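Source file: structure06.cif; contents: mmCIF, C-alpha atoms.
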```
data_work
loop_
_atom_site.label_atom_id
_atom_site.label_comp_id
_atom_site.auth_asym_id
_atom_site.auth_seq_id
_atom_site.Cartn_x
_atom_site.Cartn_y
_atom_site.Cartn_z
CA GLN A 1 74.82 45.66 -48.42
CA THR A 2 72.24 48.29 -49.29
CA GLU A 3 74.92 50.96 -49.59
CA GLY A 4 77.00 48.56 -51.69
CA LEU A 5 74.06 48.04 -54.04
CA ILE A 6 73.45 51.79 -54.32
CA ASP A 7 77.15 52.46 -54.99
CA GLY A 8 77.35 49.62 -57.52
CA VAL A 9 80.00 47.81 -55.46
CA ILE A 10 77.74 44.80 -54.82
CA THR A 11 76.11 43.04 -57.74
CA PRO A 12 72.37 42.52 -57.28
CA SER A 13 71.48 38.85 -56.89
CA ALA A 14 68.81 36.69 -55.31
CA GLU A 15 71.28 35.83 -52.53
CA VAL A 16 71.99 39.51 -51.75
CA PHE A 17 68.28 40.34 -51.69
CA ALA A 18 67.55 37.32 -49.47
CA GLY A 19 70.21 38.56 -47.03
CA LEU A 20 68.66 42.03 -47.01
CA ALA A 21 65.20 40.54 -46.42
CA ASP A 22 66.52 38.45 -43.52
CA GLU A 23 68.17 41.49 -41.95
CA ALA A 24 65.02 43.59 -42.37
CA ALA A 25 62.95 40.82 -40.74
CA ARG A 26 65.43 40.64 -37.85
CA LEU A 27 65.24 44.40 -37.33
CA GLN A 28 61.43 44.23 -37.46
CA ARG A 29 61.45 41.55 -34.72
CA ILE A 30 63.66 43.79 -32.56
CA VAL A 31 61.30 46.75 -33.08
CA ASP A 32 58.29 44.54 -32.30
CA ASP A 33 59.96 43.23 -29.13
CA LEU A 34 60.85 46.73 -27.93
CA THR A 35 57.33 47.96 -28.68
CA LEU A 36 55.90 45.04 -26.70
CA LEU A 37 58.16 45.85 -23.74
CA SER A 38 57.23 49.51 -23.88
CA ARG A 39 53.51 48.65 -23.85
CA ALA A 40 54.01 46.24 -20.98
CA ASP A 41 55.87 48.94 -19.00
CA GLU A 42 53.06 51.42 -19.70
CA GLY A 43 50.35 48.91 -18.83
CA THR A 44 48.82 49.25 -22.30
CA LEU A 45 49.64 45.76 -23.59
CA GLU A 46 46.56 44.13 -25.08
CA ILE A 47 45.79 40.71 -23.62
CA GLU A 48 42.91 38.73 -25.17
CA VAL A 49 41.87 36.54 -22.26
CA THR A 50 40.05 33.27 -22.92
CA ASP A 51 39.65 29.96 -21.12
CA LEU A 52 42.43 27.60 -22.16
CA ASP A 53 44.39 24.51 -21.17
CA LEU A 54 47.90 25.54 -20.06
CA GLY A 55 49.21 22.03 -20.72
CA ALA A 56 48.01 22.18 -24.33
CA VAL A 57 49.59 25.62 -24.77
CA ALA A 58 52.90 24.33 -23.38
CA ALA A 59 52.81 21.20 -25.53
CA GLY A 60 52.01 23.32 -28.59
CA ALA A 61 54.93 25.68 -27.92
CA ALA A 62 57.25 22.70 -27.50
CA GLU A 63 56.10 21.08 -30.73
CA ARG A 64 56.56 24.34 -32.61
CA LEU A 65 60.21 24.47 -31.49
CA ARG A 66 60.93 20.74 -31.72
CA PRO A 67 62.69 21.00 -35.12
CA GLN A 68 65.20 23.46 -33.63
CA PHE A 69 65.86 21.07 -30.74
CA GLU A 70 66.34 18.16 -33.14
CA TYR A 71 68.72 20.20 -35.29
CA ALA A 72 70.79 21.09 -32.18
CA ASP A 73 70.71 17.45 -30.98
CA VAL A 74 68.98 18.46 -27.73
CA ALA A 75 66.17 16.22 -26.45
CA LEU A 76 62.89 17.97 -25.67
CA VAL A 77 60.69 16.25 -23.09
CA VAL A 78 57.10 17.41 -22.49
CA GLU A 79 55.49 16.40 -19.17
CA VAL A 80 51.83 17.37 -18.89
CA GLY A 81 50.67 14.51 -16.69
CA ASP A 82 50.10 10.83 -17.35
CA PRO A 83 47.39 10.69 -18.48
CA PRO A 84 47.31 14.38 -19.42
CA GLU A 85 44.76 16.29 -17.38
CA PRO A 86 43.64 19.74 -18.49
CA ILE A 87 45.16 22.64 -16.57
CA PRO A 88 42.46 25.26 -16.99
CA VAL A 89 43.59 28.89 -16.86
CA ARG A 90 42.47 32.19 -18.30
CA GLY A 91 44.95 33.90 -20.57
CA ASP A 92 45.99 34.98 -24.03
CA VAL A 93 47.11 31.86 -25.89
CA GLY A 94 49.39 33.82 -28.24
CA ARG A 95 51.10 35.73 -25.46
CA LEU A 96 51.51 32.63 -23.26
CA THR A 97 52.94 30.76 -26.24
CA GLN A 98 55.42 33.61 -26.63
CA VAL A 99 56.44 33.32 -22.96
CA LEU A 100 57.03 29.59 -23.30
CA SER A 101 58.77 29.92 -26.66
CA ASN A 102 61.18 32.47 -25.16
CA LEU A 103 61.90 30.22 -22.18
CA LEU A 104 62.35 27.13 -24.35
CA GLY A 105 64.54 29.03 -26.82
CA ASN A 106 66.67 30.31 -23.96
CA ALA A 107 67.04 26.79 -22.55
CA LEU A 108 67.98 25.47 -25.99
CA GLY A 109 70.54 28.22 -26.48
CA HIS A 110 72.27 27.23 -23.26
CA SER A 111 72.15 23.45 -23.75
CA PRO A 112 75.01 21.53 -25.34
CA ALA A 113 74.42 18.81 -27.92
CA GLY A 114 73.19 15.64 -26.24
CA ALA A 115 71.49 17.55 -23.40
CA THR A 116 67.82 17.44 -22.42
CA VAL A 117 65.33 20.26 -21.90
CA THR A 118 62.11 19.40 -20.06
CA ILE A 119 58.91 21.41 -20.02
CA ARG A 120 56.66 20.34 -17.14
CA CYS A 121 53.15 21.63 -16.42
CA GLY A 122 50.97 21.17 -13.42
CA ARG A 123 49.00 22.61 -10.56
CA GLN A 124 50.10 23.33 -7.05
CA ASN A 125 47.19 24.31 -4.84
CA SER A 126 45.35 27.04 -6.76
CA LEU A 127 48.30 27.95 -8.99
CA ALA A 128 49.08 26.60 -12.43
CA PHE A 129 52.76 26.39 -13.36
CA VAL A 130 55.11 25.55 -16.18
CA ASP A 131 58.73 24.63 -15.48
CA VAL A 132 61.33 24.77 -18.22
CA ILE A 133 64.37 22.81 -17.07
CA ASP A 134 67.73 22.59 -18.81
CA ASN A 135 71.08 21.10 -17.86
CA GLY A 136 73.24 23.84 -19.36
CA PRO A 137 75.87 25.86 -17.46
CA GLY A 138 73.38 27.35 -15.00
CA ILE A 139 73.11 30.92 -13.77
CA ALA A 140 75.44 32.51 -11.24
CA ALA A 141 73.58 33.45 -8.03
CA ASP A 142 74.49 37.14 -8.37
CA GLU A 143 72.93 37.19 -11.87
CA ALA A 144 69.65 35.45 -11.04
CA GLU A 145 67.57 38.65 -11.09
CA ARG A 146 69.72 40.51 -13.61
CA ILE A 147 68.91 38.03 -16.39
CA PHE A 148 65.44 39.60 -16.53
CA GLU A 149 66.85 43.08 -17.16
CA ARG A 150 66.57 44.49 -20.64
CA PHE A 151 69.67 43.76 -22.77
CA TYR A 152 71.49 41.94 -19.96
CA ARG A 153 73.39 38.86 -21.09
CA GLY A 154 74.85 36.74 -18.34
CA SER A 155 78.48 35.83 -17.90
CA ARG A 156 77.74 32.24 -18.91
CA THR A 157 76.04 33.21 -22.16
CA GLY A 158 78.91 32.03 -24.33
CA THR A 159 78.69 32.42 -28.08
CA GLY A 160 76.33 29.67 -29.23
CA GLY A 161 73.01 30.76 -27.75
CA ALA A 162 73.60 34.45 -27.29
CA GLY A 163 70.57 36.52 -28.24
CA ARG A 164 69.58 40.15 -27.95
CA GLY A 165 69.17 40.07 -24.18
CA ILE A 166 65.43 40.80 -24.14
CA GLY A 167 63.78 37.37 -24.40
CA LEU A 168 63.60 36.81 -20.65
CA THR A 169 62.50 40.42 -20.10
CA ILE A 170 59.64 39.84 -22.54
CA ALA A 171 58.74 36.49 -20.96
CA ARG A 172 58.53 38.04 -17.50
CA SER A 173 56.59 41.09 -18.72
CA LEU A 174 54.01 38.92 -20.48
CA ALA A 175 53.68 36.57 -17.51
CA ARG A 176 53.15 39.53 -15.18
CA ALA A 177 50.55 40.99 -17.55
CA HIS A 178 48.65 37.73 -16.91
CA GLY A 179 48.98 38.07 -13.13
CA GLY A 180 51.79 35.50 -13.02
CA ASP A 181 55.57 35.69 -13.02
CA VAL A 182 58.77 34.06 -14.26
CA PHE A 183 61.40 32.96 -11.77
CA VAL A 184 64.78 31.30 -12.10
CA ASP A 185 66.27 28.56 -9.97
CA SER A 186 69.83 27.47 -10.65
CA GLU A 187 71.96 25.73 -8.07
CA GLY A 188 74.74 24.17 -10.07
CA PRO A 189 74.53 23.04 -13.66
CA GLY A 190 71.21 23.72 -15.29
CA ALA A 191 68.41 26.14 -14.63
#
```
Translate the structure of the given file into structure tokens.
Amino acid sequence: QTEGLIDGVITPSAEVFAGLADEAARLQRIVDDLTLLSRADEGTLEIEVTDLDLGAVAAGAAERLRPQFEYADVALVVEVGDPPEPIPVRGDVGRLTQVLSNLLGNALGHSPAGATVTIRCGRQNSLAFVDVIDNGPGIAADEAERIFERFYRGSRTGTGGAGRGIGLTIARSLARAHGGDVFVDSEGPGA
């Protein structure tokens, strides 16, 4: 479009400029994601650690994405205990929100209309955890570790939720920067 504007082939309009702005923002997100991965690989990623409630972070990430779930007609269930009990951890709220947003977005992208995605938080012994559970097509056993590789997109990606292939890599890198990890479990439909 930019070349078309320069050559006079495309007529300048608010719609054309909005498209260019959207594309520039998309490219900026890709650059930011690759920079984040590079810093994580180098061990230079800045993590601002504070005391926080992991359940509140998870609920906040879910609420932030709820409109996307509603638009896709996918139910989003948040389970943080009944009644909710704080799950105290030390971490960077922004980075942990990014981990959960990537996992939730991935689950949404692989869930058909009418499906349910559940985010569940809790404690098991001394470890805090968050599970993101979908009932999409699942992940083939031979791809379970590969889905965390940069730019890898699984065979069951399809066309609807296909992304750039770095969201799960980012999620795992950020979790590991916090001393945690991201794992996948998929035995049949769902993950």
Residues returned when the PyMOL selection byres ((chain A and resi 172-181) around 8) runs on this file, as a list in words: Leu37, Ala40, Asp41, Leu45, Ile47, Gly91, Arg95, Leu96, Val99, Phe148, Leu168, Thr169, Ile170, Ala171, Val182 and Phe183 of chain A
Nearest to Ala113 in chain A, chosen from A:Asp73, A:Glu48, A:Glu145, A:Glu85, with only C-alpha atoms counted in the distances: A:Asp73
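Note that CA of Gly138 in chain A and CA of Gly165 in chain A are 16.2 Å apart.
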Residues matched by the PyMOL selection byres ((chain A and resi 63) around 12), written as a list in words: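 When the PyMOL selection byres ((chain A and resi 63) around 12) is applied to the shown file, the picked residues are Ala56, Val57, Ala58, Ala59, Gly60, Ala61, Ala62, Arg64, Leu65, Arg66, Pro67, Gln68, Phe69, Glu70, Ala75, Leu76, Val77, Val78, Thr97, Leu100, Ser101, Leu104 and Ile119 of chain A.
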Expected residue set, 6 Å radius at (62.9, 22.5, -20.8), only C-alpha atoms, as a ChimeraX atom specification: /A:104,117-119,132-134
